[in-house]
Amino acid sequence: MKPVVTIEPNWQLCSDCAVRASAVCSSLDAVELREFEHLGRRVQFSSGETVFCEEDITTSFYNLLEGVMRLYKLLPDGRRQIVGFALPGDFLGMNISGRHNFSADAIGAVTVCQFAKSPFGRFIEDRPHLLRRITELAIRELSQARDHMVLLGRRSADEKVAAFLLGWRERLVSLKRALDTVPLPMSRQDIADYLGLTIETVSRTFTKLERHGVIEIIHGGISLLDPAKVEALAAA
């Protein structure tokens, strides 16, 4: 049975939003926020549910409030290339072509603030500060895409996995989450599809790093036992 998408009225005030400081709306003042509240609606997706599909016409934009999403493209032969993982505060859906250039699925339960494209476009027309904020987020996304291209280059499996773990930890820390361990909500297959490796290679690499005392594999994530070693591998 297909998971059910739940739509709720946007009862939560934007000023009380947990991700406001890192989200697209962080540039708005109190008056603008009150107007902005009427543009969005909270939508909940269950684990595995598709938020939007590659090549679909863009009708909405999405501000991720809770949870993690996998962003991916399907290759002509049916293989999947994950191009990124979205975290709370990420803004998705804006593109030049008018069609989504990748698909987005929920990893676990996800809540987004969904904005219809046309009203959102009218709202930003005379707000250059909001346009600047959107540009900042686009530049950040471009930087992450370039880092991913480097990650897919001529690196060993150890180096790729180490760079992924450090990059993921840094993104979580940027959300001001204190981390004794690094949660990994995505599957080993997801990590493999992100790094351009097989799931067997990813699993062997995790086991190897644990055997050498670099990490400890725990339920739902890992603990970095030797961060300096992980950083050295990632920098190779």
# chains A, B, ... in the order shown; residues from 1 in each chain; ligands from 1
>>> select_by_dssp(residues="range 10-107 of chain A", states="alpha helix (DSSP H)", output="NGL selection string")
:A and (30-36)
>>> residues_around(residues="range 84-100 of chain A", least_positions_apart="5", cutoff="6 Å", atoms="only C-alpha atoms", output="ChimeraX atom specification")
/A:19,22-23,54-58,61-66,68-71
>>> write_last_selection(atoms="N, CA, C and O atoms", output="PDB file, in the first residue's frame")
ATOM      1  N   VAL A  19      13.613  25.880  12.150  1.00  0.00           N
ATOM      2  CA  VAL A  19      14.682  26.010  11.154  1.00  0.00           C
ATOM      3  C   VAL A  19      14.744  27.403  10.542  1.00  0.00           C
ATOM      4  O   VAL A  19      15.471  27.623   9.576  1.00  0.00           O
ATOM      5  N   SER A  22      18.095  29.133   9.494  1.00  0.00           N
ATOM      6  CA  SER A  22      18.877  28.597   8.378  1.00  0.00           C
ATOM      7  C   SER A  22      18.059  28.460   7.100  1.00  0.00           C
ATOM      8  O   SER A  22      18.579  28.035   6.080  1.00  0.00           O
ATOM      9  N   ALA A  23      16.783  28.833   7.154  1.00  0.00           N
ATOM     10  CA  ALA A  23      15.890  28.615   6.022  1.00  0.00           C
ATOM     11  C   ALA A  23      15.824  29.834   5.110  1.00  0.00           C
ATOM     12  O   ALA A  23      16.389  30.891   5.393  1.00  0.00           O
ATOM     13  N   GLU A  54      11.775  13.643 -10.812  1.00  0.00           N
ATOM     14  CA  GLU A  54      12.578  14.218 -11.886  1.00  0.00           C
ATOM     15  C   GLU A  54      11.741  14.385 -13.145  1.00  0.00           C
ATOM     16  O   GLU A  54      10.957  13.492 -13.506  1.00  0.00           O
ATOM     17  N   GLU A  55      11.885  15.531 -13.799  1.00  0.00           N
ATOM     18  CA  GLU A  55      11.232  15.885 -15.057  1.00  0.00           C
ATOM     19  C   GLU A  55       9.773  16.291 -14.895  1.00  0.00           C
ATOM     20  O   GLU A  55       9.142  16.717 -15.859  1.00  0.00           O
ATOM     21  N   ASP A  56       9.195  16.163 -13.680  1.00  0.00           N
ATOM     22  CA  ASP A  56       7.847  16.695 -13.470  1.00  0.00           C
ATOM     23  C   ASP A  56       7.880  18.213 -13.557  1.00  0.00           C
ATOM     24  O   ASP A  56       8.876  18.854 -13.174  1.00  0.00           O
ATOM     25  N   ILE A  57       6.810  18.812 -14.060  1.00  0.00           N
ATOM     26  CA  ILE A  57       6.718  20.264 -14.090  1.00  0.00           C
ATOM     27  C   ILE A  57       6.710  20.798 -12.662  1.00  0.00           C
ATOM     28  O   ILE A  57       6.010  20.273 -11.792  1.00  0.00           O
ATOM     29  N   THR A  58       7.500  21.824 -12.408  1.00  0.00           N
ATOM     30  CA  THR A  58       7.584  22.402 -11.070  1.00  0.00           C
ATOM     31  C   THR A  58       6.341  23.239 -10.776  1.00  0.00           C
ATOM     32  O   THR A  58       6.083  24.234 -11.452  1.00  0.00           O
ATOM     33  N   PHE A  61       7.492  24.763  -4.413  1.00  0.00           N
ATOM     34  CA  PHE A  61       8.801  24.759  -3.789  1.00  0.00           C
ATOM     35  C   PHE A  61       8.649  24.201  -2.375  1.00  0.00           C
ATOM     36  O   PHE A  61       7.560  24.234  -1.800  1.00  0.00           O
ATOM     37  N   TYR A  62       9.753  23.701  -1.815  1.00  0.00           N
ATOM     38  CA  TYR A  62       9.675  22.992  -0.540  1.00  0.00           C
ATOM     39  C   TYR A  62      10.788  23.442   0.399  1.00  0.00           C
ATOM     40  O   TYR A  62      11.959  23.423   0.034  1.00  0.00           O
ATOM     41  N   ASN A  63      10.394  23.822   1.610  1.00  0.00           N
ATOM     42  CA  ASN A  63      11.350  24.113   2.667  1.00  0.00           C
ATOM     43  C   ASN A  63      11.287  22.945   3.651  1.00  0.00           C
ATOM     44  O   ASN A  63      10.236  22.698   4.256  1.00  0.00           O
ATOM     45  N   LEU A  64      12.380  22.212   3.785  1.00  0.00           N
ATOM     46  CA  LEU A  64      12.389  21.033   4.646  1.00  0.00           C
ATOM     47  C   LEU A  64      12.428  21.458   6.114  1.00  0.00           C
ATOM     48  O   LEU A  64      13.335  22.184   6.529  1.00  0.00           O
ATOM     49  N   LEU A  65      11.433  21.015   6.885  1.00  0.00           N
ATOM     50  CA  LEU A  65      11.327  21.378   8.295  1.00  0.00           C
ATOM     51  C   LEU A  65      11.876  20.285   9.211  1.00  0.00           C
ATOM     52  O   LEU A  65      12.578  20.573  10.175  1.00  0.00           O
ATOM     53  N   GLU A  66      11.529  19.039   8.917  1.00  0.00           N
ATOM     54  CA  GLU A  66      11.940  17.919   9.767  1.00  0.00           C
ATOM     55  C   GLU A  66      12.261  16.722   8.891  1.00  0.00           C
ATOM     56  O   GLU A  66      11.600  16.486   7.876  1.00  0.00           O
ATOM     57  N   VAL A  68      14.963  13.886   6.788  1.00  0.00           N
ATOM     58  CA  VAL A  68      16.023  13.855   5.774  1.00  0.00           C
ATOM     59  C   VAL A  68      15.431  13.322   4.476  1.00  0.00           C
ATOM     60  O   VAL A  68      14.605  12.400   4.487  1.00  0.00           O
ATOM     61  N   MET A  69      15.859  13.892   3.342  1.00  0.00           N
ATOM     62  CA  MET A  69      15.408  13.408   2.045  1.00  0.00           C
ATOM     63  C   MET A  69      16.609  13.002   1.195  1.00  0.00           C
ATOM     64  O   MET A  69      17.666  13.614   1.284  1.00  0.00           O
ATOM     65  N   ARG A  70      16.422  11.972   0.388  1.00  0.00           N
ATOM     66  CA  ARG A  70      17.430  11.589  -0.602  1.00  0.00           C
ATOM     67  C   ARG A  70      17.061  12.230  -1.933  1.00  0.00           C
ATOM     68  O   ARG A  70      15.905  12.227  -2.345  1.00  0.00           O
ATOM     69  N   LEU A  71      18.064  12.810  -2.587  1.00  0.00           N
ATOM     70  CA  LEU A  71      17.880  13.469  -3.874  1.00  0.00           C
ATOM     71  C   LEU A  71      18.630  12.651  -4.918  1.00  0.00           C
ATOM     72  O   LEU A  71      19.815  12.385  -4.748  1.00  0.00           O
TER      73      LEU A  71
END
>>> residues_around(residues="range 229-236 of chain A", least_positions_apart="2", cutoff="12 Å", atoms="only C-alpha atoms", output="PyMOL selection string")
chain A and resi 147+150-151+153-167+169-170+206+209-210+212-215+223-227
>>> write_last_selection(atoms="N, CA, C and O atoms", output="short mmCIF file (atom, residue, chain, number, x, y, z; two decimals), in the first residue's frame")
data_model
loop_
_atom_site.label_atom_id
_atom_site.label_comp_id
_atom_site.auth_asym_id
_atom_site.auth_seq_id
_atom_site.Cartn_x
_atom_site.Cartn_y
_atom_site.Cartn_z
N ASP A 147 31.65 19.70 -4.56
CA ASP A 147 32.31 18.79 -3.62
C ASP A 147 31.98 17.34 -3.96
O ASP A 147 32.83 16.45 -3.86
N VAL A 150 34.01 16.08 -6.88
CA VAL A 150 35.36 15.71 -6.43
C VAL A 150 35.33 14.37 -5.73
O VAL A 150 36.20 13.51 -5.92
N LEU A 151 34.28 14.17 -4.93
CA LEU A 151 34.15 12.93 -4.16
C LEU A 151 34.02 11.73 -5.09
O LEU A 151 34.51 10.63 -4.78
N GLY A 153 35.42 11.42 -7.90
CA GLY A 153 36.62 11.31 -8.73
C GLY A 153 37.53 10.17 -8.33
O GLY A 153 37.10 9.17 -7.75
N ARG A 154 38.81 10.34 -8.61
CA ARG A 154 39.77 9.25 -8.44
C ARG A 154 40.22 9.13 -6.99
O ARG A 154 41.36 9.45 -6.62
N ARG A 155 39.32 8.64 -6.18
CA ARG A 155 39.60 8.42 -4.76
C ARG A 155 39.33 6.96 -4.42
O ARG A 155 38.49 6.30 -5.04
N SER A 156 40.03 6.48 -3.41
CA SER A 156 39.80 5.12 -2.95
C SER A 156 38.49 5.06 -2.17
O SER A 156 37.93 6.09 -1.77
N ALA A 157 38.01 3.85 -1.94
CA ALA A 157 36.78 3.68 -1.17
C ALA A 157 36.94 4.25 0.24
O ALA A 157 36.04 4.89 0.77
N ASP A 158 38.12 4.01 0.86
CA ASP A 158 38.37 4.54 2.20
C ASP A 158 38.26 6.06 2.21
O ASP A 158 37.65 6.64 3.12
N GLU A 159 38.84 6.70 1.21
CA GLU A 159 38.83 8.16 1.15
C GLU A 159 37.43 8.69 0.91
O GLU A 159 37.03 9.70 1.51
N LYS A 160 36.67 8.02 0.06
CA LYS A 160 35.30 8.46 -0.22
C LYS A 160 34.43 8.36 1.03
O LYS A 160 33.68 9.28 1.37
N VAL A 161 34.50 7.23 1.71
CA VAL A 161 33.68 7.04 2.90
C VAL A 161 34.07 8.04 3.99
O VAL A 161 33.21 8.63 4.65
N ALA A 162 35.37 8.25 4.17
CA ALA A 162 35.83 9.20 5.19
C ALA A 162 35.34 10.61 4.87
O ALA A 162 34.87 11.34 5.76
N ALA A 163 35.46 11.03 3.60
CA ALA A 163 35.01 12.35 3.21
C ALA A 163 33.50 12.49 3.40
O ALA A 163 33.01 13.55 3.82
N PHE A 164 32.75 11.44 3.09
CA PHE A 164 31.30 11.48 3.30
C PHE A 164 30.97 11.66 4.78
O PHE A 164 30.12 12.49 5.13
N LEU A 165 31.61 10.89 5.65
CA LEU A 165 31.31 10.97 7.08
C LEU A 165 31.63 12.36 7.64
O LEU A 165 30.84 12.92 8.41
N LEU A 166 32.77 12.91 7.23
CA LEU A 166 33.13 14.25 7.71
C LEU A 166 32.16 15.30 7.18
O LEU A 166 31.71 16.19 7.92
N GLY A 167 31.83 15.22 5.90
CA GLY A 167 30.92 16.20 5.31
C GLY A 167 29.55 16.14 5.93
O GLY A 167 28.93 17.18 6.19
N ARG A 169 28.84 15.03 8.98
CA ARG A 169 28.95 15.55 10.35
C ARG A 169 28.96 17.08 10.34
O ARG A 169 28.29 17.72 11.16
N GLU A 170 29.70 17.68 9.41
CA GLU A 170 29.79 19.13 9.35
C GLU A 170 28.42 19.76 9.06
O GLU A 170 28.07 20.80 9.62
N PHE A 206 33.37 0.26 5.94
CA PHE A 206 32.97 0.55 7.31
C PHE A 206 33.59 -0.46 8.28
O PHE A 206 34.11 -0.08 9.34
N LEU A 209 37.38 0.24 8.64
CA LEU A 209 37.65 1.41 9.47
C LEU A 209 37.39 1.11 10.94
O LEU A 209 38.12 1.59 11.82
N GLU A 210 36.38 0.31 11.21
CA GLU A 210 36.11 -0.07 12.60
C GLU A 210 37.20 -0.99 13.13
O GLU A 210 37.67 -0.82 14.27
N HIS A 212 40.25 -1.06 12.34
CA HIS A 212 41.48 -0.28 12.56
C HIS A 212 41.31 0.78 13.65
O HIS A 212 42.23 1.59 13.86
N GLY A 213 40.16 0.78 14.32
CA GLY A 213 39.97 1.71 15.42
C GLY A 213 39.68 3.14 15.01
O GLY A 213 39.81 4.06 15.83
N VAL A 214 39.28 3.34 13.76
CA VAL A 214 39.00 4.70 13.27
C VAL A 214 37.59 5.13 13.62
O VAL A 214 37.34 6.28 14.01
N ILE A 215 36.64 4.21 13.48
CA ILE A 215 35.24 4.49 13.81
C ILE A 215 34.69 3.33 14.64
O ILE A 215 35.30 2.26 14.72
N SER A 223 30.42 6.35 15.46
CA SER A 223 31.18 7.24 16.34
C SER A 223 32.59 7.37 15.78
O SER A 223 33.21 6.36 15.41
N LEU A 224 33.08 8.60 15.66
CA LEU A 224 34.43 8.82 15.15
C LEU A 224 35.42 8.67 16.30
O LEU A 224 35.57 9.56 17.13
N LEU A 225 36.10 7.54 16.34
CA LEU A 225 37.06 7.28 17.41
C LEU A 225 38.38 7.99 17.17
O LEU A 225 39.08 8.36 18.11
N ASP A 226 38.75 8.16 15.91
CA ASP A 226 40.01 8.80 15.54
C ASP A 226 39.73 9.85 14.46
O ASP A 226 40.01 9.62 13.27
N PRO A 227 39.17 11.01 14.86
CA PRO A 227 38.82 12.04 13.87
C PRO A 227 40.00 12.48 13.01
O PRO A 227 39.83 12.78 11.83
#
>>> residues_around(residues="Met186 in chain A", least_positions_apart="3", cutoff="7 Å", atoms="only C-alpha atoms", output="PyMOL selection string")
chain A and resi 107+190-191
>>> atom_distance(atom1="CA of Glu49 in chain A", atom2="CA of His148 in chain A")
24.6 Å
>>> closest_residue(among="A:Gly40, A:Pro76, A:Pro183, A:Gly67", to="Gly220 in chain A", atoms="only C-alpha atoms")
A:Pro183
>>> atom_distance(atom1="CA of Leu130 in chain A", atom2="CA of Thr59 in chain A")
19.6 Å
>>> select_by_dssp(residues="range 2-142 of chain A", states="strand (DSSP E or B)", output="ChimeraX atom specification")
/A:6-8,40-45,50-52,57,60-74,80-86,91-92,99,103-116
>>> closest_residue(among="A:Tyr72, A:Ala192, A:Glu216, A:Asp77", to="Asn101 in chain A", atoms="only C-alpha atoms")
A:Tyr72
>>> atom_distance(atom1="CA of Gln189 in chain A", atom2="CA of Val202 in chain A")
8.2 Å
>>> decode(residues="range 58-91 of chain A", atoms="N, CA and C atoms", output="PDB file, in the first residue's frame")
ATOM      1  N   THR A  58       7.500  21.824 -12.408  1.00  0.00           N
ATOM      2  CA  THR A  58       7.584  22.402 -11.070  1.00  0.00           C
ATOM      3  C   THR A  58       6.341  23.239 -10.776  1.00  0.00           C
ATOM      4  N   THR A  59       5.579  22.817  -9.799  1.00  0.00           N
ATOM      5  CA  THR A  59       4.399  23.575  -9.378  1.00  0.00           C
ATOM      6  C   THR A  59       4.543  24.103  -7.956  1.00  0.00           C
ATOM      7  N   SER A  60       5.522  23.565  -7.204  1.00  0.00           N
ATOM      8  CA  SER A  60       5.703  23.957  -5.807  1.00  0.00           C
ATOM      9  C   SER A  60       7.179  23.988  -5.455  1.00  0.00           C
ATOM     10  N   PHE A  61       7.492  24.763  -4.413  1.00  0.00           N
ATOM     11  CA  PHE A  61       8.801  24.759  -3.789  1.00  0.00           C
ATOM     12  C   PHE A  61       8.649  24.201  -2.375  1.00  0.00           C
ATOM     13  N   TYR A  62       9.753  23.701  -1.815  1.00  0.00           N
ATOM     14  CA  TYR A  62       9.675  22.992  -0.540  1.00  0.00           C
ATOM     15  C   TYR A  62      10.788  23.442   0.399  1.00  0.00           C
ATOM     16  N   ASN A  63      10.394  23.822   1.610  1.00  0.00           N
ATOM     17  CA  ASN A  63      11.350  24.113   2.667  1.00  0.00           C
ATOM     18  C   ASN A  63      11.287  22.945   3.651  1.00  0.00           C
ATOM     19  N   LEU A  64      12.380  22.212   3.785  1.00  0.00           N
ATOM     20  CA  LEU A  64      12.389  21.033   4.646  1.00  0.00           C
ATOM     21  C   LEU A  64      12.428  21.458   6.114  1.00  0.00           C
ATOM     22  N   LEU A  65      11.433  21.015   6.885  1.00  0.00           N
ATOM     23  CA  LEU A  65      11.327  21.378   8.295  1.00  0.00           C
ATOM     24  C   LEU A  65      11.876  20.285   9.211  1.00  0.00           C
ATOM     25  N   GLU A  66      11.529  19.039   8.917  1.00  0.00           N
ATOM     26  CA  GLU A  66      11.940  17.919   9.767  1.00  0.00           C
ATOM     27  C   GLU A  66      12.261  16.722   8.891  1.00  0.00           C
ATOM     28  N   GLY A  67      13.290  15.978   9.294  1.00  0.00           N
ATOM     29  CA  GLY A  67      13.631  14.760   8.589  1.00  0.00           C
ATOM     30  C   GLY A  67      14.749  14.939   7.576  1.00  0.00           C
ATOM     31  N   VAL A  68      14.963  13.886   6.788  1.00  0.00           N
ATOM     32  CA  VAL A  68      16.023  13.855   5.774  1.00  0.00           C
ATOM     33  C   VAL A  68      15.431  13.322   4.476  1.00  0.00           C
ATOM     34  N   MET A  69      15.859  13.892   3.342  1.00  0.00           N
ATOM     35  CA  MET A  69      15.408  13.408   2.045  1.00  0.00           C
ATOM     36  C   MET A  69      16.609  13.002   1.195  1.00  0.00           C
ATOM     37  N   ARG A  70      16.422  11.972   0.388  1.00  0.00           N
ATOM     38  CA  ARG A  70      17.430  11.589  -0.602  1.00  0.00           C
ATOM     39  C   ARG A  70      17.061  12.230  -1.933  1.00  0.00           C
ATOM     40  N   LEU A  71      18.064  12.810  -2.587  1.00  0.00           N
ATOM     41  CA  LEU A  71      17.880  13.469  -3.874  1.00  0.00           C
ATOM     42  C   LEU A  71      18.630  12.651  -4.918  1.00  0.00           C
ATOM     43  N   TYR A  72      17.972  12.257  -5.988  1.00  0.00           N
ATOM     44  CA  TYR A  72      18.610  11.318  -6.900  1.00  0.00           C
ATOM     45  C   TYR A  72      18.122  11.478  -8.336  1.00  0.00           C
ATOM     46  N   LYS A  73      18.936  10.948  -9.242  1.00  0.00           N
ATOM     47  CA  LYS A  73      18.605  10.855 -10.654  1.00  0.00           C
ATOM     48  C   LYS A  73      18.681   9.382 -11.063  1.00  0.00           C
ATOM     49  N   LEU A  74      17.814   8.982 -11.988  1.00  0.00           N
ATOM     50  CA  LEU A  74      17.864   7.630 -12.535  1.00  0.00           C
ATOM     51  C   LEU A  74      18.607   7.668 -13.866  1.00  0.00           C
ATOM     52  N   LEU A  75      19.615   6.798 -14.003  1.00  0.00           N
ATOM     53  CA  LEU A  75      20.383   6.715 -15.229  1.00  0.00           C
ATOM     54  C   LEU A  75      19.592   5.936 -16.275  1.00  0.00           C
ATOM     55  N   PRO A  76      19.938   6.072 -17.558  1.00  0.00           N
ATOM     56  CA  PRO A  76      19.184   5.390 -18.623  1.00  0.00           C
ATOM     57  C   PRO A  76      19.064   3.879 -18.437  1.00  0.00           C
ATOM     58  N   ASP A  77      20.055   3.265 -17.788  1.00  0.00           N
ATOM     59  CA  ASP A  77      20.006   1.807 -17.597  1.00  0.00           C
ATOM     60  C   ASP A  77      19.281   1.414 -16.313  1.00  0.00           C
ATOM     61  N   GLY A  78      18.683   2.401 -15.638  1.00  0.00           N
ATOM     62  CA  GLY A  78      17.900   2.105 -14.441  1.00  0.00           C
ATOM     63  C   GLY A  78      18.647   2.244 -13.137  1.00  0.00           C
ATOM     64  N   ARG A  79      19.961   2.429 -13.209  1.00  0.00           N
ATOM     65  CA  ARG A  79      20.724   2.626 -11.983  1.00  0.00           C
ATOM     66  C   ARG A  79      20.403   3.986 -11.368  1.00  0.00           C
ATOM     67  N   ARG A  80      20.612   4.070 -10.059  1.00  0.00           N
ATOM     68  CA  ARG A  80      20.295   5.298  -9.330  1.00  0.00           C
ATOM     69  C   ARG A  80      21.573   5.990  -8.886  1.00  0.00           C
ATOM     70  N   GLN A  81      21.661   7.292  -9.150  1.00  0.00           N
ATOM     71  CA  GLN A  81      22.765   8.107  -8.642  1.00  0.00           C
ATOM     72  C   GLN A  81      22.192   9.118  -7.661  1.00  0.00           C
ATOM     73  N   ILE A  82      22.528   8.963  -6.389  1.00  0.00           N
ATOM     74  CA  ILE A  82      22.085   9.940  -5.398  1.00  0.00           C
ATOM     75  C   ILE A  82      22.983  11.167  -5.505  1.00  0.00           C
ATOM     76  N   VAL A  83      22.378  12.317  -5.665  1.00  0.00           N
ATOM     77  CA  VAL A  83      23.140  13.554  -5.850  1.00  0.00           C
ATOM     78  C   VAL A  83      23.249  14.359  -4.559  1.00  0.00           C
ATOM     79  N   GLY A  84      22.510  13.968  -3.531  1.00  0.00           N
ATOM     80  CA  GLY A  84      22.610  14.685  -2.270  1.00  0.00           C
ATOM     81  C   GLY A  84      21.573  14.206  -1.269  1.00  0.00           C
ATOM     82  N   PHE A  85      21.719  14.706  -0.053  1.00  0.00           N
ATOM     83  CA  PHE A  85      20.757  14.451   1.017  1.00  0.00           C
ATOM     84  C   PHE A  85      20.323  15.798   1.585  1.00  0.00           C
ATOM     85  N   ALA A  86      19.027  16.029   1.658  1.00  0.00           N
ATOM     86  CA  ALA A  86      18.506  17.299   2.163  1.00  0.00           C
ATOM     87  C   ALA A  86      18.263  17.210   3.658  1.00  0.00           C
ATOM     88  N   LEU A  87      18.595  18.295   4.352  1.00  0.00           N
ATOM     89  CA  LEU A  87      18.422  18.409   5.801  1.00  0.00           C
ATOM     90  C   LEU A  87      17.497  19.583   6.111  1.00  0.00           C
ATOM     91  N   PRO A  88      16.958  19.648   7.339  1.00  0.00           N
ATOM     92  CA  PRO A  88      16.096  20.773   7.719  1.00  0.00           C
ATOM     93  C   PRO A  88      16.736  22.129   7.403  1.00  0.00           C
ATOM     94  N   GLY A  89      15.941  23.003   6.788  1.00  0.00           N
ATOM     95  CA  GLY A  89      16.430  24.309   6.369  1.00  0.00           C
ATOM     96  C   GLY A  89      16.723  24.377   4.891  1.00  0.00           C
ATOM     97  N   ASP A  90      16.891  23.230   4.241  1.00  0.00           N
ATOM     98  CA  ASP A  90      17.169  23.213   2.801  1.00  0.00           C
ATOM     99  C   ASP A  90      15.904  23.597   2.031  1.00  0.00           C
ATOM    100  N   PHE A  91      16.105  24.328   0.937  1.00  0.00           N
ATOM    101  CA  PHE A  91      15.005  24.808   0.099  1.00  0.00           C
ATOM    102  C   PHE A  91      15.124  24.136  -1.263  1.00  0.00           C
TER     103      PHE A  91
END
